[in-house]
>>> print(open('input-v6.cif').read())   # mmCIF, C-alpha atoms and all ligand atoms
data_work
loop_
_atom_site.label_atom_id
_atom_site.label_comp_id
_atom_site.auth_asym_id
_atom_site.auth_seq_id
_atom_site.Cartn_x
_atom_site.Cartn_y
_atom_site.Cartn_z
CA MET H 1 0.00 0.00 0.00
CA ALA H 2 1.35 3.43 -0.89
CA GLN H 3 2.37 5.55 2.02
CA ASN H 4 0.09 8.48 2.60
CA LYS H 5 0.92 10.08 5.92
CA PHE H 6 4.02 12.14 6.36
CA ILE H 7 5.83 14.30 8.81
CA VAL H 8 6.44 17.38 6.72
CA PHE H 9 8.79 20.21 7.57
CA ILE H 10 8.00 23.59 6.06
CA ASP H 11 8.90 26.90 7.65
CA LYS H 12 5.68 28.58 8.77
CA ARG H 13 6.77 31.81 7.06
CA PHE H 14 6.72 30.00 3.69
CA LEU H 15 3.80 27.68 4.34
CA ALA H 16 1.68 28.82 1.36
CA SER H 17 4.58 28.32 -1.06
CA GLY H 18 5.45 24.97 0.54
CA LEU H 19 1.90 23.70 0.31
CA ALA H 20 1.72 24.75 -3.35
CA GLU H 21 4.93 22.84 -3.97
CA LEU H 22 3.58 19.75 -2.20
CA LYS H 23 0.37 19.89 -4.24
CA GLU H 24 2.30 20.17 -7.46
CA MET H 25 4.39 17.15 -6.59
CA PHE H 26 1.76 14.93 -5.01
CA GLY H 27 -1.69 16.13 -5.97
CA LYS H 28 -4.31 16.66 -3.29
CA ILE H 29 -3.09 16.93 0.27
CA SER H 30 -4.86 17.46 3.52
CA GLU H 31 -3.29 18.95 6.55
CA ASP H 32 -4.06 16.94 9.67
CA LYS H 33 -2.58 19.39 12.09
CA VAL H 34 -0.06 22.14 12.23
CA ALA H 35 2.04 21.26 15.19
CA THR H 36 4.77 23.88 15.44
CA ASP H 37 6.33 26.62 13.35
CA ARG H 38 8.18 24.10 11.21
CA PHE H 39 6.59 20.74 11.59
CA HIS H 40 3.30 19.39 10.28
CA ILE H 41 1.58 16.07 9.92
CA MET H 42 -0.01 15.79 6.52
CA LYS H 43 -2.01 13.29 4.62
CA ILE H 44 -1.15 13.09 0.97
CA ASN H 45 -3.80 11.33 -1.04
CA ARG H 46 -2.39 8.68 -3.31
CA ALA H 47 1.21 9.63 -2.62
CA PRO H 48 2.97 7.67 -5.32
CA ASN H 49 5.62 5.14 -4.39
CA GLY H 50 8.92 6.95 -4.47
CA ALA H 51 7.33 10.17 -3.20
CA VAL H 52 9.94 10.59 -0.51
CA GLU H 53 12.82 9.88 -2.85
CA ALA H 54 11.39 12.51 -5.23
CA VAL H 55 11.60 15.15 -2.51
CA TYR H 56 15.24 14.36 -1.93
CA LYS H 57 16.05 14.10 -5.66
CA GLU H 58 14.06 17.04 -6.99
CA ARG H 59 15.15 19.22 -4.08
CA PRO H 60 12.11 21.46 -3.77
CA VAL H 61 12.55 25.04 -2.60
CA PHE H 62 10.19 25.21 0.34
CA ILE H 63 9.75 21.66 1.62
CA ASP H 64 12.54 21.14 4.10
CA ASP H 65 11.91 17.47 4.68
CA LEU H 66 9.32 14.76 4.28
CA ILE H 67 9.43 11.63 6.43
CA PRO H 68 6.94 8.78 6.09
CA LEU H 69 4.99 8.52 9.35
CA ILE H 70 4.87 4.97 10.65
CA GLY H 71 3.19 5.51 13.98
CA VAL H 72 1.93 7.86 16.65
CA VAL H 73 2.25 6.92 20.33
CA ASP H 74 1.58 8.68 23.62
CA PHE H 75 4.32 9.49 26.08
CA LYS H 76 4.73 11.29 29.39
CA ASP H 77 7.49 13.59 30.59
CA GLY H 78 10.46 11.31 31.29
CA ASP H 79 8.57 8.13 30.39
CA TYR H 80 9.10 6.95 26.81
CA SER H 81 8.16 3.29 27.38
CA LYS H 82 5.48 3.30 24.67
CA VAL H 83 7.91 4.81 22.17
CA ILE H 84 10.48 2.15 23.08
CA LYS H 85 7.84 -0.58 22.73
CA PHE H 86 6.82 0.74 19.32
CA LEU H 87 10.43 0.92 18.09
CA THR H 88 11.07 -2.59 19.40
CA LYS H 89 8.41 -3.85 17.00
CA GLU H 90 9.73 -1.80 14.08
CA LEU H 91 13.43 -2.61 14.37
CA HIS H 92 15.30 -5.79 13.56
CA LYS H 93 17.96 -7.09 15.91
CA GLU H 94 20.30 -7.95 13.04
CA LYS H 95 20.10 -4.47 11.53
CA SER H 96 21.77 -1.42 13.08
CA PHE H 97 19.89 1.84 13.52
CA LYS H 98 20.32 5.50 14.31
CA LEU H 99 17.68 7.46 16.15
CA GLU H 100 17.12 11.19 16.01
CA VAL H 101 14.69 12.88 18.37
CA MET H 102 13.22 16.35 18.07
CA ASN H 103 11.45 17.96 20.96
CA ALA H 104 8.96 20.19 19.18
CA GLU H 105 6.99 21.91 21.92
CA SER H 106 6.22 18.68 23.77
CA VAL H 107 5.30 18.01 27.42
CA SER H 108 8.80 16.64 27.95
CA SER H 109 11.11 18.82 30.03
CA GLU H 110 14.16 16.94 28.73
CA ASN H 111 16.18 17.99 25.72
CA ALA H 112 16.25 15.94 22.53
CA LYS H 113 19.74 14.57 23.11
CA THR H 114 18.86 13.26 26.58
CA ILE H 115 15.71 11.61 25.26
CA GLU H 116 17.65 10.11 22.37
CA VAL H 117 20.21 8.59 24.73
CA LYS H 118 17.46 7.26 27.03
CA ILE H 119 15.52 5.57 24.22
CA GLY H 120 18.70 4.42 22.45
CA SER H 121 20.17 2.76 25.52
CA ALA H 122 16.86 1.11 26.41
CA LEU H 123 16.84 -0.39 22.91
CA GLU H 124 20.47 -1.46 23.21
CA GLY H 125 19.53 -3.18 26.46
CA LYS H 126 17.02 -5.21 24.45
CA GLY H 127 19.71 -6.33 22.02
CA PHE H 128 19.30 -3.73 19.25
CA ARG H 129 22.41 -2.15 17.81
CA VAL H 130 22.99 1.60 17.52
CA ASP H 131 25.34 2.76 14.75
CA LEU H 132 25.68 6.53 14.45
CA LYS H 133 27.96 6.49 11.40
CA ASN H 134 26.60 3.91 9.00
CA PRO H 135 23.28 2.56 10.26
CA GLU H 136 20.96 0.39 8.20
CA ARG H 137 17.84 2.07 9.57
CA TYR H 138 17.20 5.75 10.26
CA MET H 139 14.42 6.34 12.78
CA TYR H 140 13.00 9.72 13.73
CA VAL H 141 10.84 10.66 16.69
CA VAL H 142 9.20 14.08 16.77
CA LEU H 143 7.66 14.87 20.14
CA ASN H 144 4.80 17.33 20.22
CA LYS H 145 2.50 17.86 23.19
CA ASN H 146 2.06 14.30 24.54
CA LYS H 147 2.43 12.51 21.21
CA ALA H 148 5.47 10.93 19.63
CA TYR H 149 5.38 10.91 15.83
CA VAL H 150 7.63 8.15 14.58
CA GLY H 151 9.06 8.16 11.08
CA LYS H 152 11.70 6.31 9.17
CA LEU H 153 13.84 6.90 6.12
CA HIS H 154 15.69 4.63 3.80
CA LYS H 155 19.43 4.87 4.31
CA ASP H 156 20.10 6.24 0.82
CA THR H 157 17.57 9.01 1.36
CA ALA H 158 18.71 9.78 4.89
CA ILE H 159 22.33 10.43 4.00
CA ASP H 160 22.17 14.26 4.10
CA PHE H 161 19.23 14.43 6.41
CA VAL H 162 19.28 16.30 9.70
CA LEU H 163 16.07 16.48 11.68
CA ASP H 164 17.08 19.41 13.84
CA HIS H 165 19.42 21.76 12.01
CA PHE H 166 19.74 24.05 15.00
CA ARG H 167 21.01 21.48 17.43
CA GLU H 168 24.56 21.78 16.17
CA GLU H 169 24.42 25.53 16.70
CA ASN H 170 22.97 25.20 20.19
CA ASN H 171 25.58 22.65 21.22
CA LYS H 172 28.63 24.41 19.90
CA SER H 173 30.71 26.02 22.60
CA LYS H 174 32.78 27.89 19.99
CA LYS H 175 30.45 30.18 18.08
CA PRO H 176 31.33 31.43 14.59
CA ILE H 177 31.67 35.16 13.86
CA SER H 178 28.02 35.40 12.84
CA ARG H 179 24.95 33.20 12.59
CA ALA H 180 25.21 33.75 8.81
CA TRP H 181 28.15 31.31 8.90
CA TYR H 182 25.67 28.43 9.32
CA LYS H 183 23.67 29.65 6.33
CA LEU H 184 26.68 29.46 4.03
CA ASP H 185 27.68 26.10 5.46
CA GLU H 186 24.18 24.78 4.80
CA ALA H 187 24.11 26.26 1.27
CA ILE H 188 27.44 24.68 0.39
CA ARG H 189 26.22 21.29 1.54
CA PHE H 190 22.75 21.60 0.00
CA PHE H 191 23.94 22.77 -3.43
CA ARG H 192 26.88 20.34 -3.25
CA ILE H 193 29.40 23.07 -3.96
CA ASP H 194 32.99 21.91 -4.11
CA ILE H 195 34.39 24.83 -2.14
CA SER H 196 37.94 23.53 -2.45
CA ARG H 197 37.79 24.70 -6.08
CA VAL H 198 37.27 28.31 -5.02
CA ASP H 199 40.73 29.87 -4.76
CA HIS H 200 39.61 33.48 -5.01
CA ALA H 201 36.32 34.62 -3.56
CA LEU H 202 34.42 37.86 -3.65
CA ASP H 203 32.20 38.33 -0.59
CA ILE H 204 29.80 41.29 -0.74
CA GLY H 205 27.84 42.41 2.31
CA ALA H 206 30.55 40.65 4.27
CA ALA H 207 30.50 42.23 7.75
CA PRO H 208 31.00 41.08 10.43
CA GLY H 209 32.68 38.24 8.52
CA GLY H 210 31.09 34.83 9.10
CA TRP H 211 31.10 34.00 5.37
CA THR H 212 34.58 35.46 4.90
CA ALA H 213 35.95 33.31 7.72
CA TYR H 214 34.25 30.24 6.23
CA LEU H 215 35.70 30.89 2.78
CA VAL H 216 39.22 31.59 4.02
CA LYS H 217 39.17 28.50 6.21
CA ALA H 218 38.15 26.50 3.14
CA GLY H 219 41.25 27.84 1.35
CA ALA H 220 39.94 30.84 -0.61
CA ARG H 221 41.69 34.21 -0.54
CA THR H 222 38.80 36.59 -0.16
CA VAL H 223 37.95 40.16 -1.04
CA ALA H 224 35.29 41.25 1.43
CA ILE H 225 33.24 44.33 0.61
CA ASP H 226 31.20 46.09 3.26
CA GLY H 227 30.98 49.66 4.52
CA ALA H 228 30.68 48.31 8.06
CA GLU H 229 33.45 47.19 10.39
CA MET H 230 34.39 43.54 10.30
CA ASP H 231 35.38 41.35 13.23
CA TYR H 232 39.12 41.67 12.55
CA LYS H 233 40.10 40.03 15.82
CA ASN H 234 38.44 36.75 14.88
CA LEU H 235 39.21 37.03 11.16
CA LYS H 236 42.90 37.20 12.04
CA LYS H 237 42.54 33.72 13.55
CA VAL H 238 41.82 32.30 10.07
CA GLY H 239 44.19 34.38 7.93
CA THR H 240 46.04 37.60 7.31
CA VAL H 241 43.81 40.66 7.04
CA ALA H 242 44.25 44.02 5.29
CA VAL H 243 41.75 46.85 5.27
CA ALA H 244 41.50 49.48 2.55
CA LYS H 245 39.45 52.60 3.16
CA ASN H 246 40.64 54.55 0.12
CA ASP H 247 42.30 54.13 -3.26
CA ALA H 248 45.80 54.84 -1.96
CA GLU H 249 45.51 52.05 0.61
CA LEU H 250 44.02 49.80 -2.02
CA GLY H 251 46.93 50.39 -4.40
CA ARG H 252 49.37 48.90 -1.89
CA LEU H 253 47.47 45.63 -1.46
CA ASP H 254 47.58 42.39 -3.40
CA MET H 255 46.10 38.94 -3.04
CA VAL H 256 49.40 37.16 -2.99
CA ASN H 257 50.35 38.35 0.46
CA THR H 258 46.93 38.67 2.05
CA ASP H 259 44.16 36.15 2.77
CA ILE H 260 41.45 38.73 3.43
CA ILE H 261 41.20 42.17 1.91
CA HIS H 262 38.40 44.22 3.36
CA LEU H 263 37.28 47.02 1.05
CA LYS H 264 35.45 49.20 3.51
CA HIS H 265 33.02 50.60 0.96
CA ASN H 266 29.49 50.43 -0.25
CA VAL H 267 29.71 47.99 -3.19
CA ASN H 268 28.24 50.59 -5.55
CA GLU H 269 31.32 52.78 -4.93
CA VAL H 270 33.82 50.08 -5.86
CA LYS H 271 35.36 50.80 -9.26
CA LYS H 272 35.57 48.29 -12.10
CA GLU H 273 39.38 48.57 -12.03
CA THR H 274 39.37 47.43 -8.40
CA PHE H 275 37.37 44.30 -9.21
CA ARG H 276 39.75 43.68 -12.12
CA LYS H 277 42.84 44.17 -10.00
CA PHE H 278 41.77 41.52 -7.47
CA GLY H 279 39.89 39.16 -9.81
CA PRO H 280 39.07 37.02 -11.58
CA PHE H 281 37.21 35.20 -8.84
CA ASP H 282 36.01 31.58 -8.68
CA GLY H 283 33.14 32.38 -6.37
CA LEU H 284 30.80 35.29 -5.70
CA PHE H 285 29.03 35.35 -2.35
CA ILE H 286 26.47 38.05 -1.64
CA ASP H 287 24.61 38.38 1.66
CA MET H 288 23.34 41.96 1.58
CA ASN H 289 20.24 43.12 3.36
CA SER H 290 18.90 44.94 0.29
CA PRO H 291 15.97 44.45 -2.11
CA PRO H 292 16.44 41.31 -4.25
CA ALA H 293 16.44 43.08 -7.63
CA ASP H 294 19.23 45.43 -6.47
CA VAL H 295 21.30 42.52 -5.21
CA ALA H 296 20.73 40.57 -8.43
CA LYS H 297 21.91 43.56 -10.48
CA ILE H 298 25.12 43.68 -8.44
CA ALA H 299 25.66 39.97 -9.10
CA ARG H 300 25.03 40.54 -12.81
CA LYS H 301 27.56 43.39 -12.89
CA CYS H 302 30.16 41.35 -10.97
CA ALA H 303 29.82 38.43 -13.40
CA ASP H 304 32.37 40.20 -15.61
CA PHE H 305 35.02 39.63 -12.94
CA LEU H 306 34.35 35.91 -12.49
CA ASN H 307 35.90 32.90 -14.14
CA LYS H 308 33.63 30.72 -16.27
CA GLY H 309 31.92 28.16 -14.03
CA ALA H 310 32.42 30.30 -10.90
CA VAL H 311 29.80 29.68 -8.22
CA LEU H 312 27.31 32.25 -7.08
CA VAL H 313 25.66 32.08 -3.64
CA LEU H 314 23.26 34.92 -3.01
CA THR H 315 20.77 35.73 -0.28
CA VAL H 316 17.37 36.80 -1.63
CA LYS H 317 15.57 38.82 1.05
CA ILE H 318 11.83 38.58 0.72
CA PHE H 319 10.31 42.03 1.08
CA GLY H 320 6.55 42.31 1.38
CA GLY H 321 5.90 38.60 1.15
CA ASN H 322 5.66 38.20 -2.63
CA VAL H 323 7.98 35.23 -2.81
CA GLU H 324 7.29 33.93 -6.31
CA LYS H 325 7.45 37.44 -7.83
CA HIS H 326 10.87 38.06 -6.27
CA MET H 327 12.14 34.69 -7.47
CA LYS H 328 11.01 35.35 -11.03
CA GLU H 329 12.48 38.83 -11.10
CA VAL H 330 15.85 37.77 -9.68
CA LYS H 331 16.08 34.86 -12.08
CA SER H 332 15.38 37.02 -15.10
CA ILE H 333 18.06 39.55 -14.06
CA LEU H 334 20.66 36.83 -13.53
CA SER H 335 19.86 34.49 -16.42
CA PRO H 336 21.94 36.28 -19.09
CA LYS H 337 25.09 35.73 -17.01
CA TYR H 338 24.40 32.68 -14.83
CA GLY H 339 23.09 29.18 -15.44
CA GLN H 340 21.90 26.32 -13.16
CA ILE H 341 19.99 28.86 -11.08
CA ALA H 342 18.27 27.23 -8.10
CA PHE H 343 16.63 28.58 -4.97
CA LYS H 344 16.36 27.00 -1.55
CA LYS H 345 14.71 28.04 1.66
CA LEU H 346 17.42 26.77 3.97
CA ALA H 347 16.75 26.04 7.62
CA TYR H 348 19.00 28.98 8.49
CA ASN H 349 17.19 31.40 6.17
CA ARG H 350 14.68 33.60 7.94
CA MET H 351 12.50 35.77 5.65
CA GLU H 352 14.81 35.01 2.74
CA LEU H 353 15.92 32.34 0.28
CA THR H 354 19.37 31.33 -0.87
CA LEU H 355 20.15 31.24 -4.58
CA PHE H 356 22.78 29.17 -6.33
CA GLY H 357 24.07 29.85 -9.81
CA ARG H 358 27.07 29.22 -12.02
CA LYS H 359 28.77 31.82 -14.24
CA LYS H 360 28.09 31.02 -17.89
C1 LIG K 401 23.44 40.05 6.95
S1 LIG K 401 24.83 41.09 6.98
C2 LIG K 401 26.03 40.03 6.28
C3 LIG K 401 26.54 38.96 7.18
C4 LIG K 401 27.81 38.33 6.67
N1 LIG K 401 27.58 37.59 5.44
C5 LIG K 401 28.44 37.40 7.67
O1 LIG K 401 28.58 36.22 7.37
O2 LIG K 401 28.84 37.86 8.75
C6 LIG K 401 24.48 42.19 5.68
C7 LIG K 401 25.59 43.19 5.38
O3 LIG K 401 25.33 43.77 4.13
C8 LIG K 401 25.96 45.03 4.15
N2 LIG K 401 25.49 45.85 3.02
C9 LIG K 401 24.23 46.27 2.76
N3 LIG K 401 24.23 47.03 1.64
C10 LIG K 401 25.51 47.08 1.19
C11 LIG K 401 26.16 47.72 0.09
N4 LIG K 401 25.48 48.45 -0.78
N5 LIG K 401 27.49 47.53 -0.06
C12 LIG K 401 28.19 46.79 0.82
N6 LIG K 401 27.64 46.17 1.88
C13 LIG K 401 26.32 46.32 2.07
C14 LIG K 401 25.61 45.59 5.52
O4 LIG K 401 26.52 46.60 5.91
C15 LIG K 401 25.70 44.33 6.39
O5 LIG K 401 26.94 44.27 7.05
#
>>> encode(input="input-v6.cif", output="structure tokens")
Amino acid sequence: MAQNKFIVFIDKRFLASGLAELKEMFGKISEDKVATDRFHIMKINRAPNGAVEAVYKERPVFIDDLIPLIGVVDFKDGDYSKVIKFLTKELHKEKSFKLEVMNAESVSSENAKTIEVKIGSALEGKGFRVDLKNPERYMYVVLNKNKAYVGKLHKDTAIDFVLDHFREENNKSKKPISRAWYKLDEAIRFFRIDISRVDHALDIGAAPGGWTAYLVKAGARTVAIDGAEMDYKNLKKVGTVAVAKNDAELGRLDMVNTDIIHLKHNVNEVKKETFRKFGPFDGLFIDMNSPPADVAKIARKCADFLNKGAVLVLTVKIFGGNVEKHMKEVKSILSPKYGQIAFKKLAYNRMELTLFGRKK
């Protein structure tokens, strides 16, 4: 029988676009309940076999994730015996598994990691085998109110899958320069960008420097443009830094001796000769808080200073809610210069999308 109930993750801010995308892919859907800002249980009528694989292959813009729902069980704060009993029936002793728990506004006062360890060790005590690196089964438990929604994914589908993107951020004792760092990290993984091929990067709207630090750490000498101050103290931990506030200072700098050159200017004031002097670049990264058409025009202008095949990663801020209109407009501005254009609402995007493109 084809699967027809799913745990669906769509950011509440993009729910209308996400539902439209789901309908286009699967036909009629009915929403059973909206549980939290990101997580929903949905019934998809006649979801074709392979529906889940399609989501992971076609990489829709607004659907974060789609996990087949295999059961719903009650639980109490600190007592997950029914969840353990359910998983005991679902798992095979000869096959290893990995469990991920998400506490999505549930009655449980424990954090997801603690619950995961509790359930995992109870299952190990019953002879089941946990394998965090290369498991044969991926099981997911989303806790909401007093219900545990249990889902599972095939191991090929689950490879890139993270149930709770923010857990890594919350657990890290060493924080990056800015939260934007996570957005670039997620974009690079989602769009499967081989960042090691970017030797020279242009980072516009770069302050305080999360993206710059990421790029330099990945091996790219980077020209960072922003009128605002950058976090030089932390940038110096990843490479050598030079700042140019005027043309005379700029004239003395080169990319052979410096990992990071900060042009402390509004990008519209940077002359063509300056881009030429420091280019050509293998990657253009733009994270400006400006209207999408303006940002797209900057990317189009900068295309002249990029090598063929250079990657473009650009944040598209959504102003006034008209998502599809912004996407269309940005795409039409960029299309003459960039191919393979794709958008994604990443977990780390707020009221914005991330665009990928490649210089033609
Ligand atoms: C969201 S922040 C960028 C965060 C940065 N990517 C990071 O990882 O730390 C947006 C930046 O865009 C810059 N910005 C906005 N308009 C700009 C312009 N016309 N030229 C240069 N920078 C601009 C702002 O000064 C601000 O620092």
>>> residues_near_ligand(input="input-v6.cif", ligand="ligand LIG 401 (chain K)", cutoff="9 Å", atoms="all atoms listed in the file", output="tab-separated table (two decimals) with C-alpha atoms, in the frame of the given file")
chain	number	residue	atom	x	y	z
H	177	ILE	CA	31.67	35.16	13.86
H	178	SER	CA	28.02	35.40	12.84
H	179	ARG	CA	24.95	33.20	12.59
H	180	ALA	CA	25.21	33.75	8.81
H	181	TRP	CA	28.15	31.31	8.90
H	182	TYR	CA	25.67	28.43	9.32
H	183	LYS	CA	23.67	29.65	6.33
H	184	LEU	CA	26.68	29.46	4.03
H	203	ASP	CA	32.20	38.33	-0.59
H	204	ILE	CA	29.80	41.29	-0.74
H	205	GLY	CA	27.84	42.41	2.31
H	206	ALA	CA	30.55	40.65	4.27
H	207	ALA	CA	30.50	42.23	7.75
H	208	PRO	CA	31.00	41.08	10.43
H	209	GLY	CA	32.68	38.24	8.52
H	210	GLY	CA	31.09	34.83	9.10
H	211	TRP	CA	31.10	34.00	5.37
H	212	THR	CA	34.58	35.46	4.90
H	213	ALA	CA	35.95	33.31	7.72
H	214	TYR	CA	34.25	30.24	6.23
H	225	ILE	CA	33.24	44.33	0.61
H	226	ASP	CA	31.20	46.09	3.26
H	227	GLY	CA	30.98	49.66	4.52
H	228	ALA	CA	30.68	48.31	8.06
H	229	GLU	CA	33.45	47.19	10.39
H	230	MET	CA	34.39	43.54	10.30
H	231	ASP	CA	35.38	41.35	13.23
H	264	LYS	CA	35.45	49.20	3.51
H	265	HIS	CA	33.02	50.60	0.96
H	266	ASN	CA	29.49	50.43	-0.25
H	267	VAL	CA	29.71	47.99	-3.19
H	268	ASN	CA	28.24	50.59	-5.55
H	269	GLU	CA	31.32	52.78	-4.93
H	270	VAL	CA	33.82	50.08	-5.86
H	285	PHE	CA	29.03	35.35	-2.35
H	286	ILE	CA	26.47	38.05	-1.64
H	287	ASP	CA	24.61	38.38	1.66
H	288	MET	CA	23.34	41.96	1.58
H	289	ASN	CA	20.24	43.12	3.36
H	290	SER	CA	18.90	44.94	0.29
H	294	ASP	CA	19.23	45.43	-6.47
H	295	VAL	CA	21.30	42.52	-5.21
H	315	THR	CA	20.77	35.73	-0.28
>>> atom_distance(input="input-v6.cif", atom1="CA of Tyr140 in chain H", atom2="CA of Phe190 in chain H")
20.6 Å
>>> atom_distance(input="input-v6.cif", atom1="CA of Lys217 in chain H", atom2="CA of Val313 in chain H")
17.1 Å
>>> atom_distance(input="input-v6.cif", atom1="CA of Asn4 in chain H", atom2="CA of Tyr80 in chain H")
25.9 Å
>>> residues_around(input="input-v6.cif", residues="Ala220 in chain H", least_positions_apart="2", cutoff="7 Å", atoms="all atoms listed in the file", output="VMD selection string")
chain H and resid 198 to 201 215 to 216 218 222
>>> closest_residue(input="input-v6.cif", among="H:Leu312, H:Pro292, H:Val162, H:Pro60", to="Glu186 in chain H", atoms="all atoms listed in the file")
H:Val162
>>> closest_residue(input="input-v6.cif", among="H:Asp37, H:Glu24, H:Glu273, H:Glu249", to="Glu105 in chain H", atoms="all atoms listed in the file")
H:Asp37
>>> closest_residue(input="input-v6.cif", among="H:Gly151, H:Gly78, H:Gly239, H:Gly339", to="Ser106 in chain H", atoms="all atoms listed in the file")
H:Gly78
>>> residues_around(input="input-v6.cif", residues="Leu22 in chain H", least_positions_apart="6", cutoff="9 Å", atoms="only C-alpha atoms", output="PDB file with C-alpha atoms, in the frame of the given file")
ATOM      1  CA  LYS H  28      -4.310  16.660  -3.290  1.00  0.00           C
ATOM      2  CA  ILE H  29      -3.090  16.930   0.270  1.00  0.00           C
ATOM      3  CA  ILE H  44      -1.150  13.090   0.970  1.00  0.00           C
ATOM      4  CA  PRO H  60      12.110  21.460  -3.770  1.00  0.00           C
ATOM      5  CA  PHE H  62      10.190  25.210   0.340  1.00  0.00           C
ATOM      6  CA  ILE H  63       9.750  21.660   1.620  1.00  0.00           C
TER       7      ILE H  63
END
>>> residues_around(input="input-v6.cif", residues="Val243 in chain H", least_positions_apart="5", cutoff="9 Å", atoms="only C-alpha atoms", output="PyMOL selection string")
chain H and resi 249-250+253+260-264
>>> closest_residue(input="input-v6.cif", among="H:Leu99, H:Ile67, H:Ala148, H:Val117", to="Val83 in chain H", atoms="all atoms listed in the file")
H:Ala148
>>> residues_around(input="input-v6.cif", residues="Ser335 in chain H", least_positions_apart="5", cutoff="9 Å", atoms="all atoms listed in the file", output="VMD selection string")
chain H and resid 300 330 341
>>> closest_residue(input="input-v6.cif", among="H:Tyr149, H:Asn234, H:Asp304, H:Phe86", to="Lys175 in chain H", atoms="all atoms listed in the file")
H:Asn234
>>> closest_residue(input="input-v6.cif", among="H:Ala303, H:Val52, H:Val130, H:Ala20", to="His92 in chain H", atoms="only C-alpha atoms")
H:Val130
>>> residues_near_point(input="input-v6.cif", point="(10.8, 21.5, 20.1)", cutoff="12 Å", atoms="only C-alpha atoms", output="VMD selection string")
chain H and resid 35 to 39 101 to 113 141 to 145 148 163 to 167
